[in-house]
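J.: Structure file entry_19.pdb (PDB, C-alpha atoms and all ligand atoms) right here:
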ATOM      1  CA  ALA Q 848      47.549  73.963 148.451
ATOM      2  CA  ASP Q 849      44.651  72.702 150.448
ATOM      3  CA  ASP Q 850      45.420  73.392 154.044
ATOM      4  CA  ARG Q 851      42.009  72.629 155.475
ATOM      5  CA  VAL Q 852      41.786  69.882 158.048
ATOM      6  CA  SER Q 853      38.829  68.237 159.660
ATOM      7  CA  VAL Q 854      39.088  67.931 163.411
ATOM      8  CA  SER Q 855      36.911  65.974 165.832
ATOM      9  CA  LEU Q 856      36.945  67.805 169.074
ATOM     10  CA  THR Q 857      35.072  67.057 172.260
ATOM     11  CA  VAL Q 858      34.543  70.272 174.175
ATOM     12  CA  ASN Q 859      32.942  70.219 177.588
ATOM     13  CA  GLY Q 860      31.406  66.849 176.759
ATOM     14  CA  THR Q 861      29.982  67.808 173.366
ATOM     15  CA  ASP Q 862      31.430  66.409 170.134
ATOM     16  CA  HIS Q 863      32.193  68.802 167.302
ATOM     17  CA  GLU Q 864      33.329  68.148 163.740
ATOM     18  CA  LEU Q 865      35.240  71.183 162.574
ATOM     19  CA  ASP Q 866      36.619  72.060 159.182
ATOM     20  CA  LEU Q 867      39.527  74.387 159.855
ATOM     21  CA  ASP Q 868      42.579  75.978 158.404
ATOM     22  CA  SER Q 869      45.437  73.785 159.600
ATOM     23  CA  ARG Q 870      47.111  76.787 161.244
ATOM     24  CA  VAL Q 871      44.172  77.749 163.450
ATOM     25  CA  THR Q 872      44.990  77.624 167.122
ATOM     26  CA  LEU Q 873      42.844  75.811 169.624
ATOM     27  CA  LEU Q 874      42.179  79.214 171.212
ATOM     28  CA  ASP Q 875      40.757  80.684 168.002
ATOM     29  CA  ALA Q 876      38.776  77.526 167.268
ATOM     30  CA  LEU Q 877      37.144  77.701 170.688
ATOM     31  CA  ARG Q 878      36.382  81.399 170.518
ATOM     32  CA  ASP Q 879      35.605  81.959 166.842
ATOM     33  CA  GLU Q 880      34.233  78.608 165.676
ATOM     34  CA  LEU Q 881      32.464  77.459 168.833
ATOM     35  CA  GLY Q 882      31.646  80.810 170.409
ATOM     36  CA  LEU Q 883      33.235  79.816 173.695
ATOM     37  CA  THR Q 884      34.669  83.173 174.662
ATOM     38  CA  GLY Q 885      35.302  82.335 178.312
ATOM     39  CA  THR Q 886      38.819  81.353 177.316
ATOM     40  CA  LYS Q 887      40.678  84.652 176.957
ATOM     41  CA  LYS Q 888      43.222  85.831 174.442
ATOM     42  CA  GLY Q 889      45.794  87.854 176.320
ATOM     43  CA  CYS Q 890      49.235  87.799 174.732
ATOM     44  CA  ASP Q 891      48.518  85.102 172.105
ATOM     45  CA  GLN Q 892      52.138  83.980 172.477
ATOM     46  CA  GLY Q 893      52.375  81.754 175.514
ATOM     47  CA  ALA Q 894      53.334  84.358 178.074
ATOM     48  CA  CYS Q 895      50.233  85.117 180.159
ATOM     49  CA  GLY Q 896      48.133  82.001 180.798
ATOM     50  CA  ALA Q 897      44.793  83.699 180.023
ATOM     51  CA  CYS Q 898      44.071  81.043 177.386
ATOM     52  CA  THR Q 899      44.611  78.020 179.655
ATOM     53  CA  VAL Q 900      42.310  75.043 179.052
ATOM     54  CA  ALA Q 901      42.458  71.373 180.018
ATOM     55  CA  LEU Q 902      43.389  69.021 177.175
ATOM     56  CA  ASP Q 903      42.687  65.422 178.170
ATOM     57  CA  GLY Q 904      42.777  66.664 181.753
ATOM     58  CA  THR Q 905      46.160  68.375 181.570
ATOM     59  CA  ARG Q 906      46.491  72.120 181.381
ATOM     60  CA  ARG Q 907      47.479  73.561 178.093
ATOM     61  CA  LEU Q 908      48.017  77.023 176.626
ATOM     62  CA  SER Q 909      45.442  77.038 173.852
ATOM     63  CA  CYS Q 910      47.182  79.910 172.013
ATOM     64  CA  LEU Q 911      50.236  77.694 171.495
ATOM     65  CA  THR Q 912      48.250  74.606 170.484
ATOM     66  CA  LEU Q 913      47.002  73.979 166.976
ATOM     67  CA  ALA Q 914      43.399  72.833 166.826
ATOM     68  CA  ALA Q 915      44.546  70.137 164.391
ATOM     69  CA  GLN Q 916      46.700  68.644 167.166
ATOM     70  CA  CYS Q 917      43.569  68.092 169.232
ATOM     71  CA  ASP Q 918      41.853  65.677 166.875
ATOM     72  CA  ASP Q 919      39.946  63.055 168.886
ATOM     73  CA  ARG Q 920      40.894  64.721 172.155
ATOM     74  CA  GLU Q 921      38.910  66.215 174.970
ATOM     75  CA  VAL Q 922      38.990  69.879 175.879
ATOM     76  CA  THR Q 923      37.543  71.447 178.987
ATOM     77  CA  THR Q 924      37.088  75.202 179.131
ATOM     78  CA  VAL Q 925      35.858  77.371 181.961
ATOM     79  CA  GLU Q 926      32.333  77.051 180.526
ATOM     80  CA  GLY Q 927      32.529  73.322 181.244
ATOM     81  CA  LEU Q 928      33.277  73.628 184.944
ATOM     82  CA  GLY Q 929      30.107  74.941 186.489
ATOM     83  CA  THR Q 930      27.055  77.069 185.977
ATOM     84  CA  ASP Q 931      25.793  80.230 187.662
ATOM     85  CA  GLY Q 932      23.504  78.143 189.814
ATOM     86  CA  GLU Q 933      26.028  75.430 190.467
ATOM     87  CA  PRO Q 934      29.569  76.753 190.341
ATOM     88  CA  HIS Q 935      32.658  74.572 190.576
ATOM     89  CA  PRO Q 936      34.289  74.601 194.062
ATOM     90  CA  VAL Q 937      37.265  76.499 192.658
ATOM     91  CA  GLN Q 938      34.937  79.143 191.208
ATOM     92  CA  GLU Q 939      33.211  79.466 194.576
ATOM     93  CA  ALA Q 940      36.542  79.817 196.358
ATOM     94  CA  PHE Q 941      37.672  82.544 193.935
ATOM     95  CA  VAL Q 942      34.516  84.499 194.732
ATOM     96  CA  ARG Q 943      34.875  83.961 198.480
ATOM     97  CA  HIS Q 944      38.498  85.107 198.484
ATOM     98  CA  ASP Q 945      38.118  88.065 196.100
ATOM     99  CA  ALA Q 946      40.607  86.358 193.815
ATOM    100  CA  PHE Q 947      39.857  88.598 190.858
ATOM    101  CA  GLN Q 948      39.409  92.250 190.028
ATOM    102  CA  CYS Q 949      38.938  92.911 186.317
ATOM    103  CA  GLY Q 950      38.464  89.168 185.783
ATOM    104  CA  TYR Q 951      40.389  88.966 182.538
ATOM    105  CA  CYS Q 952      42.933  86.442 183.802
ATOM    106  CA  THR Q 953      40.396  84.540 185.879
ATOM    107  CA  PRO Q 954      39.248  81.775 183.490
ATOM    108  CA  GLY Q 955      42.882  80.825 182.900
ATOM    109  CA  GLN Q 956      43.671  81.006 186.611
ATOM    110  CA  ILE Q 957      40.716  78.779 187.387
ATOM    111  CA  MET Q 958      41.544  76.212 184.690
ATOM    112  CA  SER Q 959      45.149  76.051 185.912
ATOM    113  CA  ALA Q 960      43.990  75.692 189.500
ATOM    114  CA  VAL Q 961      41.543  72.894 188.654
ATOM    115  CA  CYS Q 962      44.263  70.930 186.840
ATOM    116  CA  LEU Q 963      46.816  71.449 189.621
ATOM    117  CA  LEU Q 964      44.352  70.383 192.282
ATOM    118  CA  ASP Q 965      43.596  67.224 190.258
ATOM    119  CA  GLU Q 966      47.296  66.499 190.061
ATOM    120  CA  GLY Q 967      47.876  67.163 193.764
ATOM    121  CA  ARG Q 968      50.420  69.872 193.055
ATOM    122  CA  THR Q 969      48.967  72.252 195.614
ATOM    123  CA  GLY Q 970      50.660  71.057 198.806
ATOM    124  CA  SER Q 971      51.845  74.431 200.095
ATOM    125  CA  ASP Q 972      51.527  78.119 199.299
ATOM    126  CA  GLU Q 973      55.020  77.986 197.779
ATOM    127  CA  GLU Q 974      54.066  75.112 195.526
ATOM    128  CA  ILE Q 975      50.816  76.803 194.507
ATOM    129  CA  ARG Q 976      52.653  80.035 193.734
ATOM    130  CA  GLU Q 977      55.298  78.252 191.714
ATOM    131  CA  GLN Q 978      52.819  76.102 189.794
ATOM    132  CA  MET Q 979      50.608  79.120 189.075
ATOM    133  CA  SER Q 980      53.507  81.321 187.963
ATOM    134  CA  GLY Q 981      52.552  81.005 184.284
ATOM    135  CA  ASN Q 982      49.220  82.704 184.938
ATOM    136  CA  LEU Q 983      49.796  86.429 185.100
ATOM    137  CA  CYS Q 984      47.413  88.871 186.751
ATOM    138  CA  ARG Q 985      47.809  92.530 185.892
ATOM    139  CA  CYS Q 986      45.574  93.400 188.816
ATOM    140  CA  GLY Q 987      47.899  91.718 191.296
ATOM    141  CA  ALA Q 988      45.328  89.418 192.856
ATOM    142  CA  TYR Q 989      48.020  86.807 193.491
ATOM    143  CA  SER Q 990      47.750  86.414 197.245
ATOM    144  CA  ASN Q 991      43.969  86.002 197.072
ATOM    145  CA  ILE Q 992      44.320  83.500 194.244
ATOM    146  CA  VAL Q 993      46.719  81.431 196.360
ATOM    147  CA  ALA Q 994      44.342  81.646 199.332
ATOM    148  CA  ALA Q 995      41.436  80.420 197.216
ATOM    149  CA  ILE Q 996      43.377  77.457 195.839
ATOM    150  CA  ARG Q 997      44.759  76.571 199.264
ATOM    151  CA  GLU Q 998      41.251  76.470 200.697
ATOM    152  CA  VAL Q 999      40.049  74.046 198.023
ATOM    153  CA  ALA Q1000      43.174  71.897 198.465
ATOM    154  CA  GLU Q1001      42.622  71.729 202.232
ATOM    155  CA  ASN Q1002      38.973  70.752 201.861
ATOM    156  CA  ALA Q1003      39.629  68.109 199.214
TER     157      ALA Q1003
HETATM  158 FE1  LIG Z   1      47.930  82.203 175.606
HETATM  159 FE2  LIG Z   1      48.689  84.504 176.711
HETATM  160  S1  LIG Z   1      47.003  84.130 175.414
HETATM  161  S2  LIG Z   1      49.487  82.512 177.068
HETATM  162 FE1  LIG Z   2      42.616  91.560 186.364
HETATM  163 FE2  LIG Z   2      43.821  89.274 186.998
HETATM  164  S1  LIG Z   2      41.982  90.106 187.839
HETATM  165  S2  LIG Z   2      44.239  90.603 185.340
END
Show how you would write the structure in this file as structure tokens.

T.:
Amino acid sequence: ADDRVSVSLTVNGTDHELDLDSRVTLLDALRDELGLTGTKKGCDQGACGACTVALDGTRRLSCLTLAAQCDDREVTTVEGLGTDGEPHPVQEAFVRHDAFQCGYCTPGQIMSAVCLLDEGRTGSDEEIREQMSGNLCRCGAYSNIVAAIREVAENA
């Protein structure tokens, strides 16, 4: 059986036409086909949040999403947020608040935070903690992550 599919994907503002196995996840398409390795593969089964991206502006676990489901949709990864010279405000706040140690969970944390801030779901530390609970951090940087997000929310 022919289980190839062609997928039109806009990633960080650039259009891509991909020819993929229909079972390829969005995470693997980003990393292996497009070389965008900022999005991390932690558990690969929906339990850690390291693979979080924005799909049409809403956060999404890319390891649980088939690339074929993203045809004609828009994906934003951490590479699309800012540059070294001009970081996104959430990236700056993470640096200022020491909100990472090894950094492995950080792209997913930042993508989740950006989406939550857009949606206004960052009204209190409790809300931030609850909304961020799907993004695990083995290094235990949680309180600094909350502080970074709170600062951006307060300055918005
Ligand atoms: Fe997707 Fe862990 S890699 S949730
Ligand atoms: Fe190491 Fe979060 S900074 S896992």

J.: Do you know which residues the PyMOL selection byres (((not hetatm)) within 6 of (chain Z and resi 2)) returns on this file, as a VMD selection string?

T.: chain Q and resid 947 to 953 984 to 986

J.: Quick one: residues within 7 Å of ligand LIG 1 (chain Z), with only C-alpha atoms and all ligand atoms, as a list in words?

T.: Lys887, Lys888, Gly889, Cys890, Asp891, Gln892, Gly893, Ala894, Cys895, Gly896, Ala897, Cys898, Thr899, Leu908, Ser909, Cys910 and Leu911 of chain Q

J.: Can you tell me which residues surround range 971-980 of chain Q at a distance of at most 10 Å, considering only C-alpha atoms, apart from same-chain residues fewer than 3 positions away, and format the answer as number ranges by chain?

T.: Q: 895-896, 956, 959-960, 963-964, 968, 983-984, 989-990, 992-994, 996-997, 1000-1001

J.: Give, as JSON, the centre coordinates and the x, y and z edge lengths in Å to one decimal for an axis-aligned box around all listed atoms of range 912-916 of chain Q, padded by 8 Å on each side.

T.:
{"center_x": 45.8, "center_y": 71.6, "center_z": 167.4, "size_x": 20.9, "size_y": 22.0, "size_z": 22.1}

J.: Could you list the residues chosen by the PyMOL selection byres (((chain Q and resi 906) around 9) and not hetatm) in this structure as a list in words?

T.: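 Taken over the shown coordinates, the PyMOL selection byres (((chain Q and resi 906) around 9) and not hetatm) returns Thr899, Val900, Ala901, Leu902, Asp903, Gly904, Thr905, Arg907, Leu908, Met958, Ser959, Val961, Cys962 and Leu963 of chain Q.
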
J.: So which residues get picked by the PyMOL selection byres (((chain Q and resi 870) around 9) and not hetatm) here, written as a list in words?

T.: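 With the shown file as input, the PyMOL selection byres (((chain Q and resi 870) around 9) and not hetatm) matches Asp850, Arg851, Leu867, Asp868, Ser869, Val871, Thr872, Leu913, Ala914 and Ala915 of chain Q.
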
J.: Work out how far apart CA of Val854 in chain Q and CA of Ile957 in chain Q are and give it in Å to one decimal.

T.: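 Going from CA of Val854 in chain Q over to CA of Ile957 in chain Q covers 26.4 Å.
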
J.: Rebuild range 937-958 of chain Q to N, CA and C atoms - output it as a PDB file, keeping the file's coordinate frame, please.

T.:
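Contents of rebuild13.pdb, as written:
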ATOM      1  N   VAL Q 937      36.191  75.518 192.852  1.00  0.00           N
ATOM      2  CA  VAL Q 937      37.265  76.499 192.658  1.00  0.00           C
ATOM      3  C   VAL Q 937      36.667  77.871 192.305  1.00  0.00           C
ATOM      4  N   GLN Q 938      35.601  77.875 191.531  1.00  0.00           N
ATOM      5  CA  GLN Q 938      34.937  79.143 191.208  1.00  0.00           C
ATOM      6  C   GLN Q 938      34.365  79.776 192.479  1.00  0.00           C
ATOM      7  N   GLU Q 939      33.762  78.941 193.316  1.00  0.00           N
ATOM      8  CA  GLU Q 939      33.211  79.466 194.576  1.00  0.00           C
ATOM      9  C   GLU Q 939      34.316  80.055 195.447  1.00  0.00           C
ATOM     10  N   ALA Q 940      35.441  79.344 195.508  1.00  0.00           N
ATOM     11  CA  ALA Q 940      36.542  79.817 196.358  1.00  0.00           C
ATOM     12  C   ALA Q 940      37.105  81.131 195.827  1.00  0.00           C
ATOM     13  N   PHE Q 941      37.186  81.288 194.504  1.00  0.00           N
ATOM     14  CA  PHE Q 941      37.672  82.544 193.935  1.00  0.00           C
ATOM     15  C   PHE Q 941      36.744  83.696 194.328  1.00  0.00           C
ATOM     16  N   VAL Q 942      35.455  83.448 194.329  1.00  0.00           N
ATOM     17  CA  VAL Q 942      34.516  84.499 194.732  1.00  0.00           C
ATOM     18  C   VAL Q 942      34.708  84.818 196.215  1.00  0.00           C
ATOM     19  N   ARG Q 943      34.759  83.760 197.034  1.00  0.00           N
ATOM     20  CA  ARG Q 943      34.875  83.961 198.480  1.00  0.00           C
ATOM     21  C   ARG Q 943      36.134  84.733 198.855  1.00  0.00           C
ATOM     22  N   HIS Q 944      37.211  84.494 198.136  1.00  0.00           N
ATOM     23  CA  HIS Q 944      38.498  85.107 198.484  1.00  0.00           C
ATOM     24  C   HIS Q 944      38.813  86.350 197.669  1.00  0.00           C
ATOM     25  N   ASP Q 945      37.848  86.876 196.921  1.00  0.00           N
ATOM     26  CA  ASP Q 945      38.118  88.065 196.100  1.00  0.00           C
ATOM     27  C   ASP Q 945      39.344  87.860 195.218  1.00  0.00           C
ATOM     28  N   ALA Q 946      39.399  86.710 194.562  1.00  0.00           N
ATOM     29  CA  ALA Q 946      40.607  86.358 193.815  1.00  0.00           C
ATOM     30  C   ALA Q 946      40.616  86.921 192.398  1.00  0.00           C
ATOM     31  N   PHE Q 947      39.797  87.915 192.155  1.00  0.00           N
ATOM     32  CA  PHE Q 947      39.857  88.598 190.858  1.00  0.00           C
ATOM     33  C   PHE Q 947      39.390  90.028 191.005  1.00  0.00           C
ATOM     34  N   GLN Q 948      39.888  90.866 190.080  1.00  0.00           N
ATOM     35  CA  GLN Q 948      39.409  92.250 190.028  1.00  0.00           C
ATOM     36  C   GLN Q 948      38.755  92.494 188.678  1.00  0.00           C
ATOM     37  N   CYS Q 949      39.570  92.704 187.629  1.00  0.00           N
ATOM     38  CA  CYS Q 949      38.938  92.911 186.317  1.00  0.00           C
ATOM     39  C   CYS Q 949      38.390  91.596 185.762  1.00  0.00           C
ATOM     40  N   GLY Q 950      38.965  90.474 186.197  1.00  0.00           N
ATOM     41  CA  GLY Q 950      38.464  89.168 185.783  1.00  0.00           C
ATOM     42  C   GLY Q 950      39.047  88.628 184.496  1.00  0.00           C
ATOM     43  N   TYR Q 951      39.900  89.409 183.848  1.00  0.00           N
ATOM     44  CA  TYR Q 951      40.389  88.966 182.538  1.00  0.00           C
ATOM     45  C   TYR Q 951      41.240  87.708 182.629  1.00  0.00           C
ATOM     46  N   CYS Q 952      42.051  87.605 183.659  1.00  0.00           N
ATOM     47  CA  CYS Q 952      42.933  86.442 183.802  1.00  0.00           C
ATOM     48  C   CYS Q 952      42.228  85.263 184.453  1.00  0.00           C
ATOM     49  N   THR Q 953      41.028  85.497 184.966  1.00  0.00           N
ATOM     50  CA  THR Q 953      40.396  84.540 185.879  1.00  0.00           C
ATOM     51  C   THR Q 953      40.071  83.180 185.261  1.00  0.00           C
ATOM     52  N   PRO Q 954      39.505  83.114 184.049  1.00  0.00           N
ATOM     53  CA  PRO Q 954      39.248  81.775 183.490  1.00  0.00           C
ATOM     54  C   PRO Q 954      40.518  80.930 183.401  1.00  0.00           C
ATOM     55  N   GLY Q 955      41.616  81.555 182.985  1.00  0.00           N
ATOM     56  CA  GLY Q 955      42.882  80.825 182.900  1.00  0.00           C
ATOM     57  C   GLY Q 955      43.390  80.426 184.271  1.00  0.00           C
ATOM     58  N   GLN Q 956      43.250  81.332 185.237  1.00  0.00           N
ATOM     59  CA  GLN Q 956      43.671  81.006 186.611  1.00  0.00           C
ATOM     60  C   GLN Q 956      42.874  79.809 187.121  1.00  0.00           C
ATOM     61  N   ILE Q 957      41.582  79.838 186.868  1.00  0.00           N
ATOM     62  CA  ILE Q 957      40.716  78.779 187.387  1.00  0.00           C
ATOM     63  C   ILE Q 957      41.023  77.447 186.697  1.00  0.00           C
ATOM     64  N   MET Q 958      41.219  77.468 185.386  1.00  0.00           N
ATOM     65  CA  MET Q 958      41.544  76.212 184.690  1.00  0.00           C
ATOM     66  C   MET Q 958      42.878  75.652 185.174  1.00  0.00           C
TER      67      MET Q 958
END
